[in-house]
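**Q** For reference, the file protein_23.txt (compact mmCIF, C-alpha atoms) is included below:
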```
# COMPACT_ATOMS: atom_id res chain seq x y z
CA MET A 1 4.19 -4.91 5.38
CA GLU A 2 0.77 -4.99 3.74
CA GLY A 3 -0.28 -7.57 6.30
CA LEU A 4 0.73 -5.33 9.15
CA LEU A 5 -1.06 -2.30 7.69
CA ALA A 6 -4.18 -4.40 7.32
CA GLY A 7 -4.09 -5.48 10.95
CA ASP A 8 -1.80 -8.46 10.68
CA ASP A 9 -1.98 -10.90 13.58
CA ALA A 10 1.78 -11.10 14.13
CA ALA A 11 2.21 -7.34 14.53
CA ILE A 12 -0.69 -7.01 16.94
CA ARG A 13 0.50 -10.02 18.90
CA ALA A 14 4.02 -8.53 19.15
CA LEU A 15 2.56 -5.38 20.69
CA TYR A 16 0.33 -7.44 22.97
CA ALA A 17 3.23 -9.64 24.10
CA ARG A 18 5.21 -6.57 25.07
CA PHE A 19 2.55 -4.56 26.88
CA SER A 20 -0.38 -6.76 27.91
CA ARG A 21 1.03 -7.63 31.32
CA PRO A 22 1.70 -4.10 32.60
CA VAL A 23 -1.64 -2.89 31.20
CA TYR A 24 -3.51 -5.80 32.78
CA THR A 25 -1.66 -5.25 36.07
CA MET A 26 -2.73 -1.61 36.06
CA GLY A 27 -6.34 -2.67 35.51
CA LEU A 28 -6.29 -5.31 38.22
CA ARG A 29 -4.51 -3.18 40.81
CA LEU A 30 -6.52 -0.01 40.23
CA LEU A 31 -9.96 -1.37 39.33
CA GLY A 32 -9.92 -4.54 41.40
CA SER A 33 -11.42 -7.29 39.22
CA ARG A 34 -10.26 -9.55 36.42
CA GLU A 35 -13.25 -8.56 34.34
CA ALA A 36 -12.41 -4.86 34.59
CA ALA A 37 -8.73 -5.53 33.93
CA GLU A 38 -9.55 -7.53 30.79
CA GLU A 39 -11.92 -4.85 29.54
CA LEU A 40 -9.26 -2.22 30.15
CA THR A 41 -6.63 -4.26 28.30
CA GLN A 42 -8.86 -4.68 25.25
CA ASP A 43 -9.89 -1.03 25.28
CA VAL A 44 -6.29 0.14 25.53
CA PHE A 45 -5.13 -1.80 22.47
CA VAL A 46 -8.15 -0.71 20.45
CA THR A 47 -7.56 2.92 21.48
CA ALA A 48 -3.87 2.62 20.60
CA TRP A 49 -4.85 1.54 17.12
CA ARG A 50 -7.32 4.42 16.76
CA LYS A 51 -4.81 6.99 18.03
CA ALA A 52 -1.76 5.59 16.29
CA ALA A 53 -1.56 8.68 14.09
CA ARG A 54 -1.05 10.85 17.16
CA PHE A 55 1.96 8.93 18.40
CA ASP A 56 5.14 10.97 18.02
CA PRO A 57 8.39 9.08 18.76
CA GLN A 58 10.16 12.41 19.26
CA ARG A 59 7.94 13.18 22.21
CA GLY A 60 8.37 9.92 24.05
CA ARG A 61 8.74 6.21 23.91
CA LEU A 62 6.08 3.80 22.77
CA SER A 63 5.89 2.31 26.27
CA THR A 64 5.22 5.74 27.79
CA TRP A 65 2.55 6.51 25.21
CA LEU A 66 0.75 3.18 25.59
CA MET A 67 0.89 3.16 29.38
CA THR A 68 -0.41 6.75 29.42
CA ILE A 69 -3.43 5.57 27.42
CA ALA A 70 -3.88 2.73 29.93
CA HIS A 71 -3.56 5.07 32.89
CA ASN A 72 -5.97 7.66 31.46
CA GLN A 73 -8.59 5.01 30.74
CA ALA A 74 -8.22 3.47 34.18
CA ILE A 75 -8.51 6.86 35.87
CA ASP A 76 -11.55 7.78 33.74
CA ARG A 77 -13.22 4.62 34.94
CA LEU A 78 -12.20 5.20 38.55
CA ARG A 79 -13.69 8.67 38.49
CA ARG A 80 -16.84 7.54 36.69
CA GLU A 81 -17.59 4.65 39.05
CA THR A 82 -17.73 6.44 42.36
CA GLY A 83 -18.63 4.54 45.50
CA VAL A 84 -16.92 1.33 44.38
CA THR A 85 -14.48 -0.12 46.91
CA ARG A 86 -11.05 -0.31 45.36
CA PRO A 87 -8.29 -2.75 46.30
CA LYS A 88 -5.33 -1.74 48.42
CA LEU A 89 -2.50 -0.59 46.24
CA VAL A 90 0.61 -2.77 46.19
CA LEU A 91 3.70 -1.21 44.65
CA VAL A 92 6.77 -2.96 43.29
CA ASP A 93 8.94 -2.06 46.26
CA GLU A 94 6.54 -3.85 48.61
CA VAL A 95 6.96 -7.31 47.10
CA PRO A 96 10.05 -9.39 46.30
CA GLU A 97 11.18 -9.31 42.68
CA SER A 98 9.40 -11.97 40.71
CA ALA A 99 11.49 -14.74 39.25
CA GLN A 100 9.20 -14.50 36.22
CA SER A 101 10.34 -10.94 35.44
CA VAL A 102 12.90 -11.97 32.88
CA ASP A 103 11.87 -9.53 30.15
CA GLU A 104 14.73 -7.02 30.01
CA GLU A 105 12.49 -4.10 29.00
CA LEU A 106 10.15 -4.82 31.89
CA LEU A 107 13.06 -5.00 34.31
CA LEU A 108 14.29 -1.59 33.12
CA GLU A 109 10.82 -0.11 33.55
CA ARG A 110 10.56 -1.66 36.99
CA ASP A 111 13.95 -0.16 37.92
CA ALA A 112 12.74 3.27 36.79
CA ALA A 113 9.59 2.83 38.89
CA LEU A 114 11.62 1.80 41.94
CA ARG A 115 13.87 4.84 41.49
CA ALA A 116 10.83 7.06 41.16
CA ILE A 117 9.30 5.76 44.37
CA ALA A 118 12.59 5.88 46.27
CA SER A 119 13.17 9.51 45.30
CA LEU A 120 10.03 10.66 47.14
CA SER A 121 9.41 11.40 50.79
CA ASP A 122 6.52 9.54 52.47
CA ALA A 123 4.32 12.61 52.15
CA GLU A 124 5.14 13.01 48.44
CA ARG A 125 4.56 9.33 47.84
CA ARG A 126 1.14 9.58 49.46
CA LEU A 127 0.34 12.64 47.36
CA VAL A 128 1.37 11.00 44.09
CA THR A 129 -0.54 7.85 45.04
CA ARG A 130 -3.73 9.82 45.54
CA THR A 131 -3.43 11.55 42.19
CA TYR A 132 -1.82 9.03 39.85
CA PHE A 133 -3.35 5.85 41.28
CA ARG A 134 -6.62 7.13 42.76
CA GLY A 135 -7.40 9.86 40.24
CA MET A 136 -7.82 12.68 42.77
CA THR A 137 -7.37 16.20 41.43
CA ALA A 138 -5.29 18.83 43.21
CA ARG A 139 -8.49 20.65 44.16
CA GLU A 140 -9.97 17.52 45.77
CA ILE A 141 -6.81 16.94 47.78
CA SER A 142 -6.73 20.60 48.76
CA GLU A 143 -10.31 20.37 50.07
CA ASP A 144 -9.75 17.02 51.81
CA ASP A 145 -6.59 18.12 53.57
CA GLY A 146 -7.59 21.74 54.14
CA ILE A 147 -4.49 23.15 52.50
CA PRO A 148 -4.28 25.78 49.74
CA LEU A 149 -4.69 24.55 46.16
CA GLY A 150 -1.48 26.27 45.14
CA THR A 151 0.43 24.35 47.81
CA VAL A 152 -0.85 21.01 46.50
CA LYS A 153 0.15 21.94 42.95
CA THR A 154 3.58 23.06 44.07
CA ARG A 155 4.12 19.82 45.97
CA LEU A 156 3.03 17.74 42.97
CA ARG A 157 5.43 19.63 40.76
CA SER A 158 8.24 19.24 43.27
CA ALA A 159 7.60 15.46 43.47
CA LEU A 160 7.68 15.06 39.70
CA ILE A 161 10.88 17.08 39.42
CA LYS A 162 12.49 14.79 42.02
CA VAL A 163 11.46 11.76 39.96
CA ARG A 164 12.80 13.36 36.80
CA GLN A 165 16.12 14.10 38.48
CA ALA A 166 16.38 10.56 39.83
CA ASN A 167 15.87 9.16 36.35
CA GLN A 168 18.32 11.64 34.81
CA GLN A 169 21.01 10.68 37.34
CA LYS A 170 20.58 7.06 36.35
CA GLU A 171 20.79 7.87 32.64
CA THR A 172 23.94 10.01 33.02
CA PRO A 173 26.14 8.33 35.65
CA MET B 1 -4.05 30.16 28.78
CA ASN B 2 -0.66 31.85 29.10
CA CYS B 3 2.62 30.15 29.98
CA THR B 4 2.29 30.85 33.71
CA ALA B 5 -1.15 29.25 33.94
CA VAL B 6 -0.04 26.31 31.81
CA ARG B 7 3.05 25.68 33.96
CA GLU B 8 0.84 25.70 37.04
CA GLY B 9 -1.45 23.08 35.51
CA LEU B 10 1.26 20.84 34.05
CA PRO B 11 1.81 18.57 37.10
CA GLU B 12 -1.86 17.55 37.14
CA PHE B 13 -1.80 17.24 33.36
CA ALA B 14 1.24 14.95 33.54
CA LEU B 15 -0.37 12.86 36.26
CA GLY B 16 -3.53 12.44 34.17
CA VAL B 17 -5.91 14.20 36.57
CA SER B 18 -6.22 17.59 34.94
CA PRO B 19 -9.80 18.95 34.76
CA ALA B 20 -11.14 18.50 31.20
CA ASP B 21 -11.16 22.22 30.35
CA ASP B 22 -7.58 22.62 31.51
CA THR B 23 -6.50 19.56 29.52
CA SER B 24 -7.78 21.03 26.24
CA SER B 25 -6.21 24.42 26.91
CA ILE B 26 -2.87 22.89 27.89
CA GLU B 27 -2.83 20.60 24.84
CA LEU B 28 -3.51 23.56 22.62
CA HIS B 29 -0.84 25.70 24.26
CA VAL B 30 1.94 23.11 24.16
CA GLU B 31 1.40 22.59 20.44
CA THR B 32 2.70 26.08 19.81
CA CYS B 33 4.94 26.83 22.82
CA ALA B 34 8.23 24.91 22.67
CA ALA B 35 9.29 25.77 26.23
CA CYS B 36 6.04 24.59 27.81
CA ARG B 37 6.03 21.54 25.52
CA LYS B 38 9.47 20.55 26.81
CA GLU B 39 8.32 20.98 30.40
CA ALA B 40 5.18 18.94 29.68
CA ILE B 41 7.18 16.12 28.10
CA ASP B 42 9.64 16.07 30.99
CA LEU B 43 6.91 15.91 33.61
CA GLN B 44 4.94 13.31 31.63
CA ARG B 45 8.05 11.13 31.42
CA ALA B 46 8.51 11.47 35.17
CA ALA B 47 4.87 10.59 35.83
CA ALA B 48 5.06 7.66 33.43
CA SER B 49 7.67 6.08 35.70
CA PHE B 50 4.78 5.21 37.99
CA SER B 51 2.98 3.21 35.32
CA TYR B 52 5.28 0.27 36.10
CA ALA B 53 5.18 0.84 39.86
CA LEU B 54 2.29 -1.52 40.50
CA ALA B 55 3.39 -4.97 41.55
CA PRO B 56 2.29 -7.64 39.04
CA ILE B 57 -0.18 -10.16 40.45
CA GLU B 58 -1.00 -12.59 37.70
CA THR B 59 -0.69 -12.92 33.95
CA PRO B 60 -3.79 -12.26 31.84
CA ALA B 61 -5.87 -15.28 30.78
CA PRO B 62 -4.47 -16.75 27.51
CA GLU B 63 -7.77 -16.25 25.67
CA LEU B 64 -7.55 -12.48 26.21
CA GLU B 65 -4.86 -12.26 23.53
CA ASP B 66 -7.24 -13.57 20.86
CA ARG B 67 -9.97 -11.19 22.03
CA VAL B 68 -7.64 -8.22 21.70
CA VAL B 69 -6.24 -9.31 18.34
CA ASN B 70 -9.74 -9.86 16.96
CA ALA B 71 -10.94 -6.49 18.24
CA VAL B 72 -8.02 -4.61 16.65
CA ARG B 73 -8.22 -6.63 13.44
CA ALA B 74 -11.92 -5.81 13.14
CA LEU B 75 -11.08 -2.14 13.54
CA ALA B 76 -8.32 -2.33 10.94
CA ARG B 77 -10.66 -3.86 8.39
CA PRO B 78 -11.68 -0.93 6.18
CA THR B 79 -15.28 -0.36 5.14
CA SER B 80 -14.55 2.32 2.57
CA ARG B 81 -11.63 3.69 0.60
CA ALA B 82 -11.42 6.80 2.72
CA ARG B 83 -11.40 4.85 5.94
CA ALA B 84 -8.84 2.48 4.50
CA ARG B 85 -6.52 5.38 3.73
CA GLY B 86 -6.81 6.79 7.21
CA ARG B 87 -6.35 3.45 8.89
CA ARG B 88 -3.33 2.63 6.76
CA THR B 89 -1.68 5.82 7.92
CA GLY B 90 -2.51 4.98 11.52
CA ALA B 91 -1.28 1.44 11.12
CA ALA B 92 1.89 2.62 9.42
CA LEU B 93 2.63 4.98 12.26
CA LEU B 94 2.01 2.32 14.84
CA ALA B 95 4.25 0.01 12.86
CA ALA B 96 6.94 2.70 12.83
CA ALA B 97 6.55 3.06 16.57
CA ILE B 98 7.03 -0.66 17.00
CA VAL B 99 10.21 -0.46 14.96
CA VAL B 100 11.48 2.49 16.98
CA ALA B 101 10.72 0.63 20.18
CA GLY B 102 12.70 -2.31 18.81
CA ILE B 103 10.28 -4.96 19.91
CA GLY B 104 10.96 -7.42 17.20
CA VAL B 105 9.05 -6.62 14.03
CA GLY B 106 11.65 -4.33 12.44
CA THR B 107 11.95 -6.59 9.45
CA VAL B 108 8.63 -5.36 8.10
CA PHE B 109 10.37 -2.24 6.81
CA ALA B 110 12.58 -2.14 3.76
CA GLY B 111 14.92 0.39 5.34
CA ARG B 112 15.62 4.02 6.06
CA GLN B 113 13.78 5.36 3.03
CA GLU B 114 10.60 3.66 4.12
CA PHE B 115 11.07 4.93 7.65
CA LEU B 116 11.53 8.51 6.44
CA ARG B 117 8.41 8.19 4.33
CA LEU B 118 6.50 7.10 7.43
CA GLN B 119 7.89 10.00 9.42
CA ALA B 120 6.68 12.42 6.75
CA ALA B 121 3.28 10.71 6.81
CA GLN B 122 3.20 11.13 10.54
CA ASN B 123 4.01 14.83 10.33
CA ALA B 124 1.21 15.31 7.82
CA THR B 125 -1.25 13.53 10.10
CA SER B 126 0.06 15.40 13.11
CA ASN B 127 -0.42 18.74 11.34
CA TYR B 128 -3.99 17.87 10.53
CA ASP B 129 -4.57 16.62 14.03
CA THR B 130 -3.22 19.86 15.46
CA ALA B 131 -5.40 21.92 13.14
CA ASN B 132 -8.45 19.95 14.19
CA ARG B 133 -7.65 20.40 17.85
CA PHE B 134 -7.22 24.13 17.34
CA ALA B 135 -10.52 24.17 15.53
CA ASP B 136 -12.24 22.14 18.27
CA VAL B 137 -11.08 24.55 20.95
CA VAL B 138 -12.09 27.59 18.92
CA GLY B 139 -15.47 26.04 18.27
CA GLY B 140 -15.84 25.43 21.99
CA LEU B 141 -14.97 29.03 22.83
CA ASP B 142 -17.22 30.57 20.21
CA PRO B 143 -20.16 28.36 19.22
CA THR B 144 -21.22 30.91 16.61
CA ALA B 145 -17.94 30.53 14.72
CA LYS B 146 -17.77 28.44 11.57
CA VAL B 147 -14.58 26.45 11.17
CA ARG B 148 -13.19 24.80 8.04
CA THR B 149 -10.19 22.50 8.16
CA GLY B 150 -8.12 20.54 5.65
CA THR B 151 -4.72 19.06 4.89
CA LEU B 152 -2.14 20.67 2.62
CA THR B 153 0.00 18.59 0.32
CA ALA B 154 3.07 19.33 -1.79
CA PRO B 155 2.47 19.06 -5.58
CA LYS B 156 6.22 18.38 -5.94
CA GLY B 157 8.93 17.72 -3.44
CA PRO B 158 8.74 17.37 0.34
CA GLY B 159 6.42 19.08 2.76
CA SER B 160 3.02 18.72 4.33
CA GLY B 161 0.64 20.85 6.29
CA ALA B 162 -2.84 21.61 7.48
CA ALA B 163 -4.93 24.74 7.62
CA PHE B 164 -8.15 26.05 9.02
CA THR B 165 -10.26 29.16 8.81
CA ILE B 166 -12.43 30.59 11.56
CA MET B 167 -15.35 32.73 10.50
CA SER B 168 -17.03 34.51 13.35
CA PRO B 169 -19.86 37.04 13.44
CA VAL B 170 -18.21 38.82 16.38
CA VAL B 171 -14.49 39.00 15.55
CA GLU B 172 -12.38 39.12 12.39
CA ASP B 173 -12.14 35.98 10.28
CA ARG B 174 -8.75 34.32 10.42
CA LEU B 175 -6.59 31.75 8.68
CA VAL B 176 -4.11 29.43 10.38
CA VAL B 177 -1.64 27.34 8.38
CA ILE B 178 0.59 24.70 9.99
CA MET B 179 3.38 23.30 7.82
CA SER B 180 6.39 21.02 8.18
CA ASP B 181 9.23 19.28 6.30
CA LEU B 182 9.46 21.96 3.61
CA GLY B 183 13.19 21.42 3.08
CA ASP B 184 15.12 23.88 0.92
CA VAL B 185 12.32 26.08 -0.39
CA ALA B 186 13.06 29.60 -1.62
CA LEU B 187 11.99 32.09 1.05
CA PRO B 188 9.95 34.13 1.65
CA LEU B 189 6.83 32.02 1.27
CA SER B 190 3.50 33.67 0.55
CA VAL B 191 0.18 32.37 1.81
CA SER B 192 -3.08 32.94 -0.04
CA ILE B 193 -6.65 31.69 0.05
CA SER B 194 -9.07 31.71 -2.90
CA ASP B 195 -12.73 31.09 -3.57
CA ALA B 196 -14.32 29.08 -6.38
CA LYS B 197 -14.60 32.21 -8.58
CA GLY B 198 -10.86 32.80 -8.48
CA HIS B 199 -10.91 35.71 -6.03
CA ARG B 200 -7.77 35.56 -3.96
CA PHE B 201 -6.66 37.03 -0.64
CA ASP B 202 -2.92 37.32 -0.09
CA MET B 203 -2.69 36.67 3.62
CA GLY B 204 1.00 37.38 4.20
CA GLU B 205 4.56 36.13 4.01
CA ILE B 206 6.68 33.66 5.95
CA ARG B 207 10.31 34.78 6.08
CA HIS B 208 11.76 32.04 8.28
CA LEU B 209 11.20 28.33 8.84
CA ASP B 210 12.28 26.35 11.87
CA THR B 211 15.06 23.78 11.69
CA ALA B 212 12.56 21.10 10.71
CA GLY B 213 11.33 23.18 7.78
CA GLY B 214 8.10 24.02 9.53
CA TRP B 215 6.12 27.04 10.66
CA THR B 216 2.73 28.00 12.02
CA PHE B 217 1.22 31.01 10.28
CA ALA B 218 -1.83 32.83 11.65
CA ARG B 219 -3.41 35.97 10.22
CA LEU B 220 -6.58 37.95 10.62
CA ALA B 221 -8.42 38.72 7.39
CA ASN B 222 -9.55 42.26 6.67
CA ALA B 223 -12.65 40.89 4.92
CA SER B 224 -14.93 37.88 5.21
CA LEU B 225 -13.40 34.51 4.34
CA ARG B 226 -16.82 33.03 3.57
CA GLY B 227 -16.47 30.91 0.43
CA PHE B 228 -12.67 31.01 0.51
CA VAL B 229 -11.51 27.41 0.79
CA ASP B 230 -8.46 26.91 -1.44
CA VAL B 231 -5.23 27.52 0.47
CA ALA B 232 -1.88 27.84 -1.31
CA VAL B 233 1.64 28.42 -0.06
CA ARG B 234 4.05 29.65 -2.74
CA ASP B 235 7.83 29.99 -2.67
CA ALA B 236 9.78 33.12 -3.66
CA ARG B 237 9.60 32.08 -7.32
CA GLY B 238 5.83 31.77 -7.22
CA HIS B 239 5.79 27.97 -7.33
CA VAL B 240 3.13 26.31 -5.20
CA VAL B 241 4.84 24.30 -2.45
CA LEU B 242 1.68 23.36 -0.51
CA ARG B 243 -1.97 23.47 -1.31
CA GLY B 244 -5.26 22.05 -0.15
CA THR B 245 -8.98 22.62 0.14
CA LEU B 246 -10.79 23.26 3.41
CA GLN B 247 -14.08 21.66 4.31
CA SER B 248 -16.63 22.30 7.02
CA GLN B 249 -16.72 18.76 8.31
CA SER B 250 -13.66 17.21 9.95
CA THR B 251 -12.73 15.05 6.99
CA PRO B 252 -9.19 15.42 5.67
CA THR B 253 -8.96 16.52 2.08
CA SER B 254 -5.92 16.84 -0.10
CA SER B 255 -4.99 17.81 -3.59
CA PRO B 256 -4.38 14.93 -6.00
```
How would this structure read if it were set down as structure tokens?
**A**
Amino acid sequence: MEGLLAGDDAAIRALYARFSRPVYTMGLRLLGSREAAEELTQDVFVTAWRKAARFDPQRGRLSTWLMTIAHNQAIDRLRRETGVTRPKLVLVDEVPESAQSVDEELLLERDAALRAIASLSDAERRLVTRTYFRGMTAREISEDDGIPLGTVKTRLRSALIKVRQANQQKETP
Amino acid sequence: MNCTAVREGLPEFALGVSPADDTSSIELHVETCAACRKEAIDLQRAAASFSYALAPIETPAPELEDRVVNAVRALARPTSRARARGRRTGAALLAAAIVVAGIGVGTVFAGRQEFLRLQAAQNATSNYDTANRFADVVGGLDPTAKVRTGTLTAPKGPGSGAAFTIMSPVVEDRLVVIMSDLGDVALPLSVSISDAKGHRFDMGEIRHLDTAGGWTFARLANASLRGFVDVAVRDARGHVVLRGTLQSQSTPTSSP
């Protein structure tokens, strides 16, 4: 216990073993280089340690909290470094399931992601991709597409509600 | 921000692309509005589904693990007693999270009693965190305002809290007290704030607590709160159930 509170190797390594791959994947897919992905991974675990006091298990799972930190940091960097060419996004439903994906937790998360993607229309998928993976705000999309800001916000909300319903249906068969 | 404006901004907030000003306002609102908080959590969970939607390409280089462990370990190494206390709380909460997530280090805890202790520690930290975020937003809205914050602790029994005062040259001074885990205290509770000379303002009563034994109390003062830093919450019998001292800087303080 004392070892863990003092920053014990085993505890940190347990957290790293569980989450390093999805965090690194997010960095590599969104930012486009190994160097950036490694920096993101290190920053995410350091930030998690700094913000540990804010984590509330009643408000969500550890995986959600940690991946939200990873996503926010990746998006901050995307928005800060304008003009950089980013790699084409490749989502889990576009590649065959990896034989290496044996971690049960990861498989469950992947299933939830596949359900989320499948629940959206092509237009909603494109909209979510531009916000969640490219960091575009509703106002930027509204200006790019020439549609009212309120319409973009309504569509984003509708897409998220669809995802929520898809996940709820899975949880309560 | 009212509920309608918050609801409109929640999808962007959940997707992590909310403009900075909106993010602060939404965070502040959902701390005190249960309905909007539920909506925010639901949408955030939905958005989080996408965090695993990127197809894995390759595993990180093996040496990255040591870099990360060393970076976190360096952060966890305290440089002063105060920092050590804060970091221990943070580490304990992270440890609790690991246990909740069931990822294999559950044996570090002795059992339920230890877990409950950590939950109480988390609530205390969360109260202080909330108070500081309130204070940050208020400070941003009114740069002329002076804000004091601090934690509240229970001299005996369960309970924790945080409080802050806002002293402004343009509007009435006010006191906000956030409390939790008070258990079976005798209601109503009375809230007061005193200065170093023993002058005391009785700020009002709390007649109900929520199911978690918590409440957020906010009152305007009919006189200046300058110099008033000692906050006390008493039960119906006059026993102090929470107390603490506020400070100008954002350093948590607590009664011994």
**Q** Using all atoms listed in the file, which of B:Leu182, B:Cys36, B:Leu242, B:Asn2 sits nearest Asp210 of chain B?
**A**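 Of B:Leu182, B:Cys36, B:Leu242, B:Asn2, the one nearest Asp210 of chain B is B:Leu182, counting all atoms listed in the file.
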**Q** Please measure the separation of atom CA of Glu109 of chain A and atom CA of Glu8 of chain B, giving the value in Å to one decimal.
**A**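 The value is 27.9 Å.
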**Q** How many Å lie between atom CA of Gly60 of chain A and atom CA of Gly150 of chain B, rounded to one decimal?
**A**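 Atom CA of Gly60 of chain A sits 26.9 Å away from atom CA of Gly150 of chain B.
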**Q** Please determine, counting all atoms listed in the file, which residue among A:Arg59, A:Arg130, A:Arg139, A:Arg86 has the shortest atom-to-atom distance to chain B.
**A** A:Arg59
**Q** Would you mind listing what lies within 10 Å of Ile26 of chain B as a ChimeraX atom specification, with only C-alpha atoms counted and same-chain residues fewer than 4 positions away left out?
**A** /B:1-3,5-7,9-10,13,18,20-22,30-31,36-37,40
**Q** Go through A:Arg125, A:Arg164, A:Arg155, A:Arg80 one by one, measure the shortest atom-to-atom distance of each to chain B using only C-alpha atoms, and give the residue with the smallest value.
**A**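 For chain B, the nearest of the candidates is A:Arg164.
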**Q** Here's a test: counting all atoms listed in the file, identify every protein, DNA and RNA residue with an atom at most 8 Å from (17.7, 34.0, 5.4) in the file's coordinate frame, and state them as a PyMOL selection string.
**A** chain B and resi 187+207-208
**Q** So how far away is atom CA of Ser180 of chain B from atom CA of Leu225 of chain B, in Å?
**A**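 Separation between atom CA of Leu225 of chain B and atom CA of Ser180 of chain B: 24.3 Å.
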**Q** Can you list, as a PyMOL selection string, every protein, DNA or RNA residue that comes within 7 Å of segment 215-220 of chain B when you count only C-alpha atoms, leaving out same-chain residues fewer than 4 positions away?
**A** chain B and resi 172-180+203+209-210
**Q** Using all atoms listed in the file, can you tell me which of A:Ile69, A:Leu106, A:Leu28, A:Leu91 comes closest to Phe50 of chain B?
**A**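 Once distances to Phe50 of chain B are computed over all atoms listed in the file, the minimum belongs to A:Leu91.
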**Q** So which residues fall inside 10 Å of (2.0, 21.9, 5.6) if we count all atoms listed in the file? Mind giving them as a PyMOL selection string?
**A** chain B and resi 123-124+127-128+151-154+158-163+177-182+213-216+232-233+241-244
**Q** Residues at most 8 Å from segment 34-40 of chain A, counting all atoms listed in the file, excluding those fewer than 5 positions away in the same chain, as a list in words?
**A** Val23, Tyr24, Thr25, Met26, Gly27, Leu28, Ala70, Gln73 and Ala74 of chain A; Pro60 and Leu64 of chain B
**Q** Extract, using only C-alpha atoms, all DNA, RNA and protein residues at most 10 Å from Ile117 of chain A, discarding same-chain residues fewer than 6 positions from it, and format them as a list in words.
**A** Leu91, Val92, Asp93, Asp111, Glu124, Arg125, Val128, Ala159, Lys162, Val163 and Ala166 of chain A; Ser49, Phe50 and Ala53 of chain B
**Q** Leaving out Arg134 of chain A and any residue of its chain fewer than 2 positions from it, which residues lie within 8 Å of it when counting all atoms listed in the file, given as a short mmCIF file (atom, residue, chain, number, x, y, z; two decimals) with C-alpha atoms, in the coordinates of the input?
**A**
```cif
data_model
loop_
_atom_site.label_atom_id
_atom_site.label_comp_id
_atom_site.auth_asym_id
_atom_site.auth_seq_id
_atom_site.Cartn_x
_atom_site.Cartn_y
_atom_site.Cartn_z
CA LEU A 30 -6.52 -0.01 40.23
CA ILE A 75 -8.51 6.86 35.87
CA LEU A 78 -12.20 5.20 38.55
CA THR A 129 -0.54 7.85 45.04
CA ARG A 130 -3.73 9.82 45.54
CA THR A 131 -3.43 11.55 42.19
CA TYR A 132 -1.82 9.03 39.85
CA MET A 136 -7.82 12.68 42.77
#
```
**Q** Restricting the calculation to all atoms listed in the file, which member of A:Ala138, A:Gln165, A:Thr41, A:Arg61 is positioned closest to Lys153 of chain A?
**A**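 Among the listed residues, A:Ala138 lies closest to Lys153 of chain A.
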